[in-house]
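Raw contents of model.tsv, TSV, C-alpha atoms and all ligand atoms:
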chain	number	residue	atom	x	y	z
A	43	MET	CA	-1.80	-180.51	-55.75
A	44	THR	CA	-0.78	-179.42	-52.26
A	45	ASP	CA	-0.37	-182.01	-49.50
A	46	ILE	CA	-3.33	-182.20	-47.16
A	47	GLN	CA	-2.47	-180.97	-43.70
A	48	PRO	CA	-5.36	-181.79	-41.37
A	49	SER	CA	-4.22	-179.30	-38.75
A	50	GLN	CA	-4.92	-176.42	-41.15
A	51	ARG	CA	-8.22	-174.66	-40.58
A	52	VAL	CA	-9.61	-171.16	-41.07
A	53	THR	CA	-12.81	-169.76	-39.58
A	54	VAL	CA	-14.49	-166.60	-40.85
A	55	ARG	CA	-17.41	-164.70	-39.33
A	56	VAL	CA	-19.72	-163.02	-41.83
A	57	PRO	CA	-22.72	-160.75	-41.14
A	58	ALA	CA	-26.22	-160.54	-42.57
A	59	LYS	CA	-27.36	-157.41	-44.40
A	60	ILE	CA	-30.47	-155.32	-44.57
A	61	ASN	CA	-31.16	-152.73	-47.26
A	62	LEU	CA	-31.97	-149.35	-45.72
A	63	GLU	CA	-33.03	-148.15	-49.15
A	64	LEU	CA	-33.72	-150.31	-52.19
A	65	ALA	CA	-34.63	-148.40	-55.34
A	66	VAL	CA	-35.47	-150.75	-58.22
A	67	GLY	CA	-35.48	-149.81	-61.90
A	68	PRO	CA	-37.03	-151.56	-64.91
A	69	ARG	CA	-35.90	-155.13	-65.75
A	70	GLY	CA	-33.02	-155.02	-68.24
A	71	ASP	CA	-32.31	-157.30	-71.20
A	72	ASP	CA	-29.98	-159.35	-68.96
A	73	GLY	CA	-33.01	-160.24	-66.77
A	74	PHE	CA	-31.74	-158.15	-63.86
A	75	HIS	CA	-33.16	-154.92	-62.46
A	76	PRO	CA	-30.81	-151.97	-62.08
A	77	LEU	CA	-30.61	-151.06	-58.40
A	78	ALA	CA	-29.60	-148.16	-56.23
A	79	THR	CA	-29.37	-149.47	-52.71
A	80	VAL	CA	-27.88	-148.72	-49.32
A	81	PHE	CA	-26.61	-151.88	-47.67
A	82	HIS	CA	-26.22	-152.06	-43.90
A	83	ALA	CA	-24.40	-154.99	-42.25
A	84	VAL	CA	-25.96	-156.15	-38.96
A	85	SER	CA	-24.68	-158.22	-36.04
A	86	LEU	CA	-26.25	-161.53	-37.01
A	87	TYR	CA	-23.47	-163.83	-38.16
A	88	ASP	CA	-22.79	-167.12	-39.92
A	89	ARG	CA	-19.45	-168.81	-39.21
A	90	ILE	CA	-17.66	-170.54	-42.06
A	91	THR	CA	-14.81	-172.99	-41.45
A	92	VAL	CA	-12.69	-174.44	-44.24
A	93	THR	CA	-10.29	-177.37	-43.89
A	94	PRO	CA	-8.21	-179.11	-46.58
A	95	ALA	CA	-9.91	-182.42	-47.46
A	96	PRO	CA	-9.74	-185.24	-50.02
A	97	ASP	CA	-12.96	-183.99	-51.70
A	98	TRP	CA	-15.09	-180.85	-51.91
A	99	SER	CA	-17.92	-180.93	-49.36
A	100	VAL	CA	-20.30	-178.72	-47.37
A	101	THR	CA	-21.84	-179.47	-43.98
A	102	THR	CA	-24.39	-177.14	-42.38
A	103	VAL	CA	-24.90	-176.86	-38.63
A	104	GLY	CA	-26.67	-174.33	-36.38
A	105	PRO	CA	-30.26	-173.11	-35.99
A	106	TYR	CA	-31.07	-172.75	-39.72
A	107	ALA	CA	-29.04	-175.75	-40.94
A	108	ASP	CA	-32.07	-177.81	-41.97
A	109	LEU	CA	-33.52	-175.06	-44.12
A	110	VAL	CA	-30.47	-174.52	-46.34
A	111	PRO	CA	-31.44	-175.39	-49.91
A	112	ASP	CA	-29.09	-177.48	-52.05
A	113	ASN	CA	-28.22	-174.52	-54.25
A	114	GLN	CA	-26.83	-172.67	-51.22
A	115	ASP	CA	-24.45	-175.58	-50.59
A	116	ASN	CA	-23.52	-175.33	-54.24
A	117	LEU	CA	-22.85	-171.62	-53.97
A	118	ALA	CA	-20.39	-172.22	-51.13
A	119	VAL	CA	-18.57	-174.93	-53.11
A	120	ARG	CA	-18.71	-172.78	-56.25
A	121	ALA	CA	-17.05	-169.96	-54.30
A	122	ALA	CA	-14.23	-172.24	-53.15
A	123	LYS	CA	-13.72	-173.78	-56.60
A	124	LEU	CA	-13.82	-170.39	-58.30
A	125	LEU	CA	-11.07	-169.05	-56.05
A	126	ALA	CA	-9.06	-172.28	-56.45
A	127	SER	CA	-9.24	-171.92	-60.24
A	128	ARG	CA	-7.77	-168.40	-60.01
A	129	ALA	CA	-5.39	-169.10	-57.11
A	130	VAL	CA	-2.20	-169.44	-59.12
A	131	GLU	CA	-2.74	-166.16	-60.96
A	132	LEU	CA	-3.52	-164.61	-57.54
A	133	GLY	CA	-0.18	-165.69	-56.08
A	134	ALA	CA	-0.55	-169.29	-54.85
A	135	GLU	CA	2.54	-171.46	-55.38
A	136	SER	CA	0.47	-174.35	-56.69
A	137	GLN	CA	-3.12	-175.26	-57.47
A	138	PRO	CA	-4.92	-175.69	-54.10
A	139	GLY	CA	-6.74	-178.95	-53.41
A	140	PRO	CA	-10.34	-179.43	-52.23
A	141	VAL	CA	-11.72	-178.12	-48.95
A	142	ALA	CA	-14.43	-179.24	-46.55
A	143	VAL	CA	-16.69	-176.28	-45.70
A	144	VAL	CA	-18.68	-176.15	-42.46
A	145	MET	CA	-21.38	-173.45	-42.36
A	146	ASP	CA	-22.76	-172.58	-38.91
A	147	LYS	CA	-26.06	-170.96	-39.94
A	148	HIS	CA	-27.52	-168.22	-37.77
A	149	ILE	CA	-28.68	-166.03	-40.68
A	150	PRO	CA	-32.15	-167.17	-41.75
A	151	VAL	CA	-32.54	-168.74	-45.18
A	152	ALA	CA	-34.50	-167.12	-48.06
A	153	ALA	CA	-35.17	-164.16	-45.76
A	154	GLY	CA	-33.90	-161.13	-47.68
A	155	MET	CA	-30.79	-160.95	-45.49
A	156	ALA	CA	-28.34	-162.39	-48.03
A	157	GLY	CA	-27.56	-165.50	-45.97
A	158	GLY	CA	-26.42	-167.52	-48.98
A	159	SER	CA	-24.34	-164.62	-50.29
A	160	ALA	CA	-22.80	-164.15	-46.84
A	161	ASP	CA	-21.67	-167.78	-46.86
A	162	ALA	CA	-20.14	-167.39	-50.33
A	163	ALA	CA	-18.27	-164.25	-49.19
A	164	GLY	CA	-17.12	-166.12	-46.08
A	165	VAL	CA	-15.84	-169.07	-48.14
A	166	LEU	CA	-13.88	-166.72	-50.45
A	167	LEU	CA	-12.16	-165.02	-47.53
A	168	ALA	CA	-11.55	-168.26	-45.61
A	169	CYS	CA	-9.99	-169.98	-48.63
A	170	ALA	CA	-7.87	-166.91	-49.47
A	171	ASP	CA	-6.45	-167.12	-45.95
A	172	LEU	CA	-6.09	-170.92	-45.99
A	173	TRP	CA	-4.21	-170.82	-49.30
A	174	ASP	CA	-2.04	-167.87	-48.24
A	175	LEU	CA	-3.10	-165.69	-51.15
A	176	ALA	CA	-1.56	-162.24	-50.78
A	177	LEU	CA	-4.72	-160.35	-51.68
A	178	LEU	CA	-6.56	-157.21	-50.86
A	179	ARG	CA	-10.27	-157.48	-50.23
A	180	GLU	CA	-10.78	-155.60	-53.54
A	181	ASP	CA	-9.05	-158.45	-55.39
A	182	LEU	CA	-11.85	-160.81	-54.33
A	183	GLU	CA	-14.61	-158.46	-55.52
A	184	PRO	CA	-14.84	-159.56	-59.18
A	185	LEU	CA	-15.08	-163.19	-58.05
A	186	ALA	CA	-17.68	-162.21	-55.46
A	187	ALA	CA	-19.81	-160.48	-58.11
A	188	GLU	CA	-19.69	-163.61	-60.29
A	189	LEU	CA	-21.26	-165.57	-57.42
A	190	GLY	CA	-24.21	-163.23	-56.68
A	191	SER	CA	-25.32	-159.62	-56.53
A	192	ASP	CA	-24.95	-159.27	-52.72
A	193	VAL	CA	-21.66	-161.13	-52.29
A	194	PRO	CA	-19.30	-158.13	-52.81
A	195	PHE	CA	-21.03	-156.13	-50.08
A	196	LEU	CA	-20.68	-158.94	-47.53
A	197	LEU	CA	-16.90	-158.80	-48.01
A	198	HIS	CA	-17.02	-155.07	-47.15
A	199	GLY	CA	-19.69	-154.71	-44.48
A	200	GLY	CA	-20.46	-151.36	-42.86
A	201	ASN	CA	-22.80	-149.09	-44.77
A	202	ALA	CA	-22.36	-149.00	-48.52
A	203	VAL	CA	-24.09	-147.87	-51.66
A	204	GLY	CA	-24.71	-150.62	-54.20
A	205	THR	CA	-25.38	-149.90	-57.87
A	206	GLY	CA	-25.59	-152.01	-61.03
A	207	ARG	CA	-27.17	-155.27	-59.86
A	208	GLY	CA	-26.21	-154.24	-56.34
A	209	ASP	CA	-22.75	-155.67	-56.92
A	210	GLU	CA	-20.88	-152.39	-57.50
A	211	VAL	CA	-20.22	-151.28	-53.96
A	212	SER	CA	-18.81	-148.08	-52.50
A	213	PRO	CA	-18.57	-147.37	-48.78
A	214	VAL	CA	-20.67	-144.67	-47.07
A	215	LEU	CA	-19.09	-142.80	-44.19
A	216	SER	CA	-21.25	-142.86	-41.10
A	217	ARG	CA	-20.90	-142.37	-37.37
A	218	GLY	CA	-22.59	-144.24	-34.56
A	219	GLU	CA	-24.78	-147.30	-34.63
A	220	VAL	CA	-28.45	-148.16	-34.84
A	221	HIS	CA	-30.42	-150.74	-32.83
A	222	TRP	CA	-32.74	-153.02	-34.73
A	223	VAL	CA	-35.37	-155.59	-33.92
A	224	LEU	CA	-35.75	-158.17	-36.67
A	225	TRP	CA	-38.85	-160.24	-37.20
A	226	LEU	CA	-37.86	-163.45	-38.97
A	227	SER	CA	-40.41	-165.68	-40.61
A	228	THR	CA	-40.57	-169.17	-39.14
A	229	ASP	CA	-42.75	-170.35	-42.04
A	230	GLU	CA	-41.97	-169.99	-45.69
A	231	GLY	CA	-39.21	-167.75	-47.03
A	232	LEU	CA	-39.50	-165.74	-50.24
A	233	SER	CA	-37.61	-166.48	-53.43
A	234	THR	CA	-35.74	-163.43	-54.76
A	235	PRO	CA	-36.56	-164.11	-58.46
A	236	GLU	CA	-40.26	-164.55	-57.57
A	237	VAL	CA	-40.36	-161.23	-55.71
A	238	TYR	CA	-38.74	-159.44	-58.67
A	239	ALA	CA	-41.29	-161.12	-60.98
A	240	GLU	CA	-44.11	-159.88	-58.72
A	241	PHE	CA	-42.55	-156.38	-58.83
A	242	ASP	CA	-42.73	-156.56	-62.66
A	243	ARG	CA	-46.35	-157.74	-62.51
A	244	LEU	CA	-47.39	-154.92	-60.14
A	245	HIS	CA	-45.69	-152.36	-62.42
A	246	GLU	CA	-46.96	-153.75	-65.72
A	247	GLY	CA	-47.75	-150.84	-68.03
A	248	ASP	CA	-45.94	-148.33	-65.76
A	249	GLU	CA	-42.90	-146.35	-66.81
A	250	VAL	CA	-40.51	-147.54	-64.03
A	251	PRO	CA	-37.81	-144.85	-63.65
A	252	MET	CA	-34.11	-145.57	-63.26
A	253	PRO	CA	-33.34	-146.01	-59.55
A	254	GLU	CA	-32.02	-143.14	-57.45
A	255	LEU	CA	-31.14	-142.84	-53.78
A	256	SER	CA	-32.66	-140.16	-51.56
A	257	ALA	CA	-30.59	-137.36	-50.04
A	258	GLU	CA	-32.63	-137.87	-46.85
A	259	LEU	CA	-31.09	-141.26	-46.05
A	260	MET	CA	-27.54	-140.05	-46.77
A	261	THR	CA	-28.06	-137.21	-44.28
A	262	ALA	CA	-29.53	-139.60	-41.70
A	263	LEU	CA	-26.53	-141.93	-42.05
A	264	ARG	CA	-24.12	-139.18	-41.06
A	265	THR	CA	-25.46	-139.23	-37.50
A	266	MET	CA	-27.39	-142.53	-37.49
A	267	ASP	CA	-30.19	-140.74	-35.66
A	268	PRO	CA	-32.86	-143.46	-35.28
A	269	ASP	CA	-35.83	-141.21	-36.09
A	270	ALA	CA	-34.11	-139.82	-39.17
A	271	VAL	CA	-33.05	-143.30	-40.30
A	272	GLY	CA	-36.56	-144.59	-39.59
A	273	ALA	CA	-38.18	-141.85	-41.68
A	274	ALA	CA	-35.83	-142.46	-44.62
A	275	LEU	CA	-36.27	-146.27	-44.92
A	276	ARG	CA	-37.56	-147.28	-48.35
A	277	ASN	CA	-37.91	-150.54	-50.24
A	278	ASP	CA	-39.39	-150.65	-53.74
A	279	LEU	CA	-39.78	-154.45	-53.44
A	280	GLN	CA	-41.90	-154.14	-50.30
A	281	ALA	CA	-45.28	-154.05	-52.08
A	282	ALA	CA	-44.30	-157.16	-54.08
A	283	SER	CA	-43.23	-159.05	-50.93
A	284	ILE	CA	-46.47	-158.07	-49.16
A	285	SER	CA	-48.48	-159.06	-52.22
A	286	LEU	CA	-46.95	-162.57	-51.97
A	287	GLN	CA	-47.18	-162.73	-48.14
A	288	PRO	CA	-49.94	-160.33	-46.96
A	289	ARG	CA	-49.30	-161.01	-43.25
A	290	LEU	CA	-46.07	-159.00	-43.57
A	291	ALA	CA	-48.22	-155.84	-43.55
A	292	GLU	CA	-49.60	-156.96	-40.17
A	293	VAL	CA	-46.07	-157.43	-38.82
A	294	ILE	CA	-45.08	-153.92	-39.92
A	295	ASP	CA	-48.23	-152.36	-38.43
A	296	ALA	CA	-47.77	-154.22	-35.14
A	297	GLY	CA	-44.18	-153.01	-34.73
A	298	LEU	CA	-45.01	-149.40	-35.57
A	299	GLU	CA	-47.96	-149.42	-33.15
A	300	LEU	CA	-45.61	-150.77	-30.48
A	301	GLY	CA	-43.31	-147.75	-30.91
A	302	ALA	CA	-40.70	-148.63	-33.57
A	303	ARG	CA	-39.11	-145.51	-35.13
A	304	GLY	CA	-39.41	-146.99	-38.59
A	305	ALA	CA	-39.93	-150.32	-40.34
A	306	LEU	CA	-39.24	-152.01	-43.64
A	307	ILE	CA	-38.97	-155.37	-45.28
A	308	SER	CA	-35.34	-156.31	-45.84
A	309	GLY	CA	-34.43	-156.90	-49.49
A	310	SER	CA	-36.92	-159.27	-51.08
A	311	GLY	CA	-38.19	-160.33	-47.62
A	312	PRO	CA	-39.82	-161.74	-45.63
A	313	THR	CA	-37.62	-160.40	-42.80
A	314	VAL	CA	-39.01	-157.18	-41.31
A	315	ALA	CA	-36.55	-154.74	-39.71
A	316	PHE	CA	-37.64	-152.23	-37.07
A	317	VAL	CA	-35.38	-149.38	-36.04
A	318	VAL	CA	-35.45	-148.37	-32.35
A	319	ALA	CA	-33.57	-145.76	-30.32
A	320	SER	CA	-31.91	-147.90	-27.64
A	321	GLN	CA	-31.30	-151.38	-26.30
A	322	ALA	CA	-34.15	-150.82	-23.83
A	323	GLU	CA	-36.55	-149.95	-26.66
A	324	ALA	CA	-35.33	-153.02	-28.56
A	325	LEU	CA	-36.15	-155.22	-25.58
A	326	ASP	CA	-39.62	-153.68	-25.15
A	327	LEU	CA	-40.42	-154.06	-28.83
A	328	SER	CA	-39.20	-157.68	-28.93
A	329	MET	CA	-41.44	-158.60	-26.02
A	330	GLY	CA	-44.39	-156.72	-27.52
A	331	LEU	CA	-44.01	-158.40	-30.91
A	332	ALA	CA	-43.57	-161.84	-29.34
A	333	ALA	CA	-46.76	-161.37	-27.33
A	334	ARG	CA	-48.81	-159.95	-30.16
A	335	GLY	CA	-47.67	-161.91	-33.20
A	336	PRO	CA	-47.77	-162.73	-36.07
A	337	LYS	CA	-45.57	-165.64	-35.06
A	338	GLY	CA	-41.90	-165.32	-35.93
A	339	ASP	CA	-38.37	-165.46	-34.49
A	340	ILE	CA	-37.38	-162.11	-33.01
A	341	VAL	CA	-33.76	-161.04	-32.70
A	342	ARG	CA	-32.06	-157.83	-31.63
A	343	VAL	CA	-29.04	-156.63	-33.61
A	344	THR	CA	-26.99	-153.51	-34.19
A	345	GLY	CA	-25.41	-152.06	-37.29
A	346	PRO	CA	-23.27	-151.21	-39.07
A	347	VAL	CA	-20.73	-153.99	-38.38
A	348	ALA	CA	-17.63	-155.16	-40.27
A	349	GLY	CA	-17.91	-157.52	-43.23
A	350	ALA	CA	-16.39	-161.00	-43.47
A	351	THR	CA	-13.55	-161.32	-40.93
A	352	VAL	CA	-11.08	-164.10	-40.16
A	353	VAL	CA	-11.61	-165.08	-36.51
A	354	ASP	CA	-9.38	-168.17	-36.31
A	355	SER	CA	-6.55	-169.19	-38.61
A	356	ARG	CA	-4.40	-172.26	-38.06
A	357	GLY	CA	-2.02	-173.19	-40.76
A	358	PRO	CA	1.61	-173.16	-41.76
A	359	GLY	CA	1.59	-169.50	-42.80
A	360	PRO	CA	0.58	-166.34	-40.94
A	361	SER	CA	-3.07	-165.23	-41.11
A	362	LEU	CA	-3.52	-162.52	-43.68
A	363	GLY	CA	-6.42	-160.90	-41.89
A	364	LEU	CA	-7.16	-159.24	-45.22
A	365	ALA	CA	-7.51	-155.49	-44.79
B	401	LIG	O1	-27.75	-162.19	-58.16
B	401	LIG	P1	-28.71	-163.04	-57.43
B	401	LIG	O2	-28.38	-164.50	-57.49
B	401	LIG	O3	-28.99	-162.56	-56.06
B	401	LIG	O4	-30.11	-162.88	-58.21
B	401	LIG	C1	-31.16	-163.81	-58.13
B	401	LIG	C2	-32.28	-163.42	-59.08
B	401	LIG	O5	-32.96	-162.24	-58.61
B	401	LIG	C3	-31.86	-163.07	-60.51
B	401	LIG	O6	-31.79	-164.20	-61.32
B	401	LIG	C4	-32.97	-162.13	-60.97
B	401	LIG	O7	-34.13	-162.85	-61.34
B	401	LIG	C5	-33.32	-161.40	-59.68
B	401	LIG	N1	-32.59	-160.12	-59.58
B	401	LIG	C6	-33.01	-159.04	-60.35
B	401	LIG	N2	-32.34	-157.85	-60.27
B	401	LIG	C7	-31.28	-157.71	-59.43
B	401	LIG	C8	-30.85	-158.78	-58.61
B	401	LIG	C9	-31.53	-159.98	-58.72
B	401	LIG	O8	-33.96	-159.15	-61.12
B	401	LIG	N3	-30.65	-156.54	-59.35
Mind converting the file's structure to structure tokens?
Amino acid sequence: MTDIQPSQRVTVRVPAKINLELAVGPRGDDGFHPLATVFHAVSLYDRITVTPAPDWSVTTVGPYADLVPDNQDNLAVRAAKLLASRAVELGAESQPGPVAVVMDKHIPVAAGMAGGSADAAGVLLACADLWDLALLREDLEPLAAELGSDVPFLLHGGNAVGTGRGDEVSPVLSRGEVHWVLWLSTDEGLSTPEVYAEFDRLHEGDEVPMPELSAELMTALRTMDPDAVGAALRNDLQAASISLQPRLAEVIDAGLELGARGALISGSGPTVAFVVASQAEALDLSMGLAARGPKGDIVRVTGPVAGATVVDSRGPGPSLGLA
């Protein structure tokens, strides 16, 4: 075991994601649905700090701290322990000891924005830096995929195509950025497995085809033109999310009537993402949605942004700032 050095500390910033397209195939024998998705990282961030400690622990702070379920804490600790168990084969001189994880939660919980996965990705990167592992981001990917379908993308950020369970990620070249207004539920979230189960129920008896991405979105991503992106948004889980929370249809209608260039539910929901053409339009839409309801938190973000990034590294060795 390494000696504990209390002055050591690494902080990582990790973004939320939305899915610009989410094509869902039939449930496989492994219980998962094959996906073809386009991930888009947006400027809503959690901050993860890891410090060597006598025991493994997680503390949550920030606006969504109280809503973090126990299993999200566990995912963060699982991420740290998983990397620790592989650290020696990944270049550490000795088996690393426990860490205390602090998660500063700004990404809403159970919202379809991969908040829990973001924290797991953040913990992996923070611990890799803390333990001076000479790694490339790609080296963390298999571990990320073991933790959850969205975790590999949150290491990458940007725009990326996800296949398999969403965990096989390849970057998409794009230019420019898009402004978004997000409507975040202040009531209940949605559970990802329950939304997939509702998808199965709605498609009972149907021949669900294998998922494929549209050429339209790929073209739109080249320029990030807001109208083109807006027209190409697609989410096969949307009907299932609306079936479980019918007011989401009202949110979408309200935003479109107020001038959004496009709208969709992010992932399994209930977050609704509206694309707009400028910061000014984002401000107008936020005020309109706040005045008109349904009630929710409204935030303005841009995308694409970088994935998990070390923002502060204090330790005996240099920061790796994994490329
Ligand atoms: O991988 P993750 O922990 O995000 O998955 C949570 C649950 O969501 C899975 O257990 C499964 O029920 C469902 N899921 C699915 N198909 C996927 C991803 C998730 O059915 N591609």
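The neighbours of A:Glu219 here are the residues that come within 7 Å of it, using all atoms listed in the file and leaving out any residue fewer than 4 positions away in the same chain; they are Met266, Thr344, Gly345 and Pro346 of chain A.
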**OP:** Tell me, as a list in words, which residues lie within 10 Å of A:Arg334, counting all atoms listed in the file; anything in the same chain fewer than 4 positions away does not count.
**Re:**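 Listing them by chain and then by number gives Val293, Ala296, Gly297, Leu300, Ser328, Met329 and Gly330 of chain A.
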Enumerate, in order of chain and increasing residue number, the residues of chain A with an atom no farther than 10 Å from ligand LIG 401 (chain B), each with its shortest atom pair and distance in Å to one decimal, counting all atoms listed in the file, as JSON lines.
{"residue": "A:Leu64", "atom": "CA", "partner": "B:LIG401", "partner_atom": "N3", "distance": 10.0}
{"residue": "A:Ala65", "atom": "CA", "partner": "B:LIG401", "partner_atom": "N3", "distance": 9.9}
{"residue": "A:Val66", "atom": "CA", "partner": "B:LIG401", "partner_atom": "N3", "distance": 7.6}
{"residue": "A:Gly67", "atom": "CA", "partner": "B:LIG401", "partner_atom": "N3", "distance": 8.7}
{"residue": "A:Pro68", "atom": "CA", "partner": "B:LIG401", "partner_atom": "O8", "distance": 9.0}
{"residue": "A:Arg69", "atom": "CA", "partner": "B:LIG401", "partner_atom": "O8", "distance": 6.4}
{"residue": "A:Gly70", "atom": "CA", "partner": "B:LIG401", "partner_atom": "O8", "distance": 8.3}
{"residue": "A:Asp72", "atom": "CA", "partner": "B:LIG401", "partner_atom": "O8", "distance": 8.8}
{"residue": "A:Gly73", "atom": "CA", "partner": "B:LIG401", "partner_atom": "O8", "distance": 5.8}
{"residue": "A:Phe74", "atom": "CA", "partner": "B:LIG401", "partner_atom": "N2", "distance": 3.7}
{"residue": "A:His75", "atom": "CA", "partner": "B:LIG401", "partner_atom": "N2", "distance": 3.7}
{"residue": "A:Pro76", "atom": "CA", "partner": "B:LIG401", "partner_atom": "N3", "distance": 5.3}
{"residue": "A:Leu77", "atom": "CA", "partner": "B:LIG401", "partner_atom": "N3", "distance": 5.6}
{"residue": "A:Ala78", "atom": "CA", "partner": "B:LIG401", "partner_atom": "N3", "distance": 9.0}
{"residue": "A:Thr79", "atom": "CA", "partner": "B:LIG401", "partner_atom": "N3", "distance": 9.8}
{"residue": "A:Leu117", "atom": "CA", "partner": "B:LIG401", "partner_atom": "O2", "distance": 9.7}
{"residue": "A:Gly154", "atom": "CA", "partner": "B:LIG401", "partner_atom": "O3", "distance": 9.8}
{"residue": "A:Ala156", "atom": "CA", "partner": "B:LIG401", "partner_atom": "O3", "distance": 8.1}
{"residue": "A:Gly158", "atom": "CA", "partner": "B:LIG401", "partner_atom": "O3", "distance": 9.0}
{"residue": "A:Ser159", "atom": "CA", "partner": "B:LIG401", "partner_atom": "O3", "distance": 7.7}
{"residue": "A:Ala187", "atom": "CA", "partner": "B:LIG401", "partner_atom": "O1", "distance": 8.1}
{"residue": "A:Glu188", "atom": "CA", "partner": "B:LIG401", "partner_atom": "O1", "distance": 8.5}
{"residue": "A:Leu189", "atom": "CA", "partner": "B:LIG401", "partner_atom": "O2", "distance": 7.2}
{"residue": "A:Gly190", "atom": "CA", "partner": "B:LIG401", "partner_atom": "O1", "distance": 4.0}
{"residue": "A:Ser191", "atom": "CA", "partner": "B:LIG401", "partner_atom": "O1", "distance": 3.9}
{"residue": "A:Asp192", "atom": "CA", "partner": "B:LIG401", "partner_atom": "O3", "distance": 6.2}
{"residue": "A:Val193", "atom": "CA", "partner": "B:LIG401", "partner_atom": "O3", "distance": 8.4}
{"residue": "A:Gly204", "atom": "CA", "partner": "B:LIG401", "partner_atom": "N3", "distance": 9.8}
{"residue": "A:Thr205", "atom": "CA", "partner": "B:LIG401", "partner_atom": "N3", "distance": 8.6}
{"residue": "A:Gly206", "atom": "CA", "partner": "B:LIG401", "partner_atom": "N3", "distance": 7.0}
{"residue": "A:Arg207", "atom": "CA", "partner": "B:LIG401", "partner_atom": "N3", "distance": 3.7}
{"residue": "A:Gly208", "atom": "CA", "partner": "B:LIG401", "partner_atom": "N3", "distance": 5.8}
{"residue": "A:Asp209", "atom": "CA", "partner": "B:LIG401", "partner_atom": "O1", "distance": 8.3}
{"residue": "A:Ser233", "atom": "CA", "partner": "B:LIG401", "partner_atom": "O5", "distance": 8.2}
{"residue": "A:Thr234", "atom": "CA", "partner": "B:LIG401", "partner_atom": "O5", "distance": 4.9}
{"residue": "A:Pro235", "atom": "CA", "partner": "B:LIG401", "partner_atom": "O7", "distance": 4.0}
{"residue": "A:Glu236", "atom": "CA", "partner": "B:LIG401", "partner_atom": "O7", "distance": 7.4}
{"residue": "A:Val237", "atom": "CA", "partner": "B:LIG401", "partner_atom": "O5", "distance": 8.0}
{"residue": "A:Tyr238", "atom": "CA", "partner": "B:LIG401", "partner_atom": "O8", "distance": 5.4}
{"residue": "A:Ala239", "atom": "CA", "partner": "B:LIG401", "partner_atom": "O7", "distance": 7.4}
{"residue": "A:Phe241", "atom": "CA", "partner": "B:LIG401", "partner_atom": "O8", "distance": 9.3}
{"residue": "A:Asp242", "atom": "CA", "partner": "B:LIG401", "partner_atom": "O8", "distance": 9.3}
{"residue": "A:Gly309", "atom": "CA", "partner": "B:LIG401", "partner_atom": "C8", "distance": 10.0}
{"residue": "A:Ser310", "atom": "CA", "partner": "B:LIG401", "partner_atom": "O5", "distance": 9.0}
Set up a box along x, y and z of the file covering all listed atoms of stretch 220-230 of chain A, add 6 Å on every one of the six sides, and write the centre and edge lengths in Å to one decimal, as AutoDock Vina command-line options.
--center_x -35.6 --center_y -159.3 --center_z -39.3 --size_x 26.3 --size_y 34.2 --size_z 24.9
Original post:
Taking into account only C-alpha atoms, which residue in the set A:Ala281, A:Ala274, A:Leu331, A:Leu298 is nearest to A:Val318?
Top reply: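 Once distances to A:Val318 are computed over only C-alpha atoms, the minimum belongs to A:Leu298.
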**OP:** Work out how far apart atom CA of A:Ser227 and atom CA of A:Ala348 are and give it in Å to one decimal.
**Re:**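 Separation of atom CA of A:Ser227 and atom CA of A:Ala348: 25.1 Å.
Every protein, DNA or RNA residue with an atom at most 7 Å from stretch 119-121 of chain A, where all atoms listed in the file count and chain neighbours fewer than 5 positions away do not, is listed here: Trp98, Ala162, Val165, Leu166 and Leu189 of chain A.
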Original post:
List as a ChimeraX atom specification: which residues have an atom within 10 Å of (-21.7, -181.9, -45.2), counting all atoms listed in the file?
Top reply: /A:98-103,115,142-145
**OP:** Quick one: everything within 10 Å of A:Val220, counting all atoms listed in the file, minus sequence neighbours fewer than 3 positions away in the same chain. Send it as JSON, numbers by chain.
**Re:** {"A": [84, 217, 263, 265, 266, 267, 268, 271, 317, 318, 319, 320, 321, 343, 344, 345, 346]}
**OP:** Please write as a ChimeraX atom specification the list of polymer residues whose atoms come within 10 Å of (-31.2, -167.8, -48.7), counting all atoms listed in the file and keeping to the coordinates of the file.
**Re:** /A:109-111,113-114,149-161,231-234
How would the residues just picked look written out with C-alpha atoms as a tab-separated table (two decimals), in the coordinates of the input?
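Produced file part.tsv, reproduced below:
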chain	number	residue	atom	x	y	z
A	109	LEU	CA	-33.52	-175.06	-44.12
A	110	VAL	CA	-30.47	-174.52	-46.34
A	111	PRO	CA	-31.44	-175.39	-49.91
A	113	ASN	CA	-28.22	-174.52	-54.25
A	114	GLN	CA	-26.83	-172.67	-51.22
A	149	ILE	CA	-28.68	-166.03	-40.68
A	150	PRO	CA	-32.15	-167.17	-41.75
A	151	VAL	CA	-32.54	-168.74	-45.18
A	152	ALA	CA	-34.50	-167.12	-48.06
A	153	ALA	CA	-35.17	-164.16	-45.76
A	154	GLY	CA	-33.90	-161.13	-47.68
A	155	MET	CA	-30.79	-160.95	-45.49
A	156	ALA	CA	-28.34	-162.39	-48.03
A	157	GLY	CA	-27.56	-165.50	-45.97
A	158	GLY	CA	-26.42	-167.52	-48.98
A	159	SER	CA	-24.34	-164.62	-50.29
A	160	ALA	CA	-22.80	-164.15	-46.84
A	161	ASP	CA	-21.67	-167.78	-46.86
A	231	GLY	CA	-39.21	-167.75	-47.03
A	232	LEU	CA	-39.50	-165.74	-50.24
A	233	SER	CA	-37.61	-166.48	-53.43
A	234	THR	CA	-35.74	-163.43	-54.76
**OP:** Rank A:Ala315, A:Leu182, A:Ala350, A:Ile90 by their smallest atom-to-atom distance to A:Val223, using all atoms listed in the file, and report the top residue only.
**Re:**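 Looking only at the distances to A:Val223, the closest residue turns out to be A:Ala315.
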Original post:
Which polymer residues have any atom within 12 Å of an atom of stretch 129-141 of chain A, counting only C-alpha atoms, with same-chain residues fewer than 3 positions away left out, as a ChimeraX atom specification?
Top reply: /A:43-48,50-52,90-101,118-126,144,165-166,168-178,181-182,185
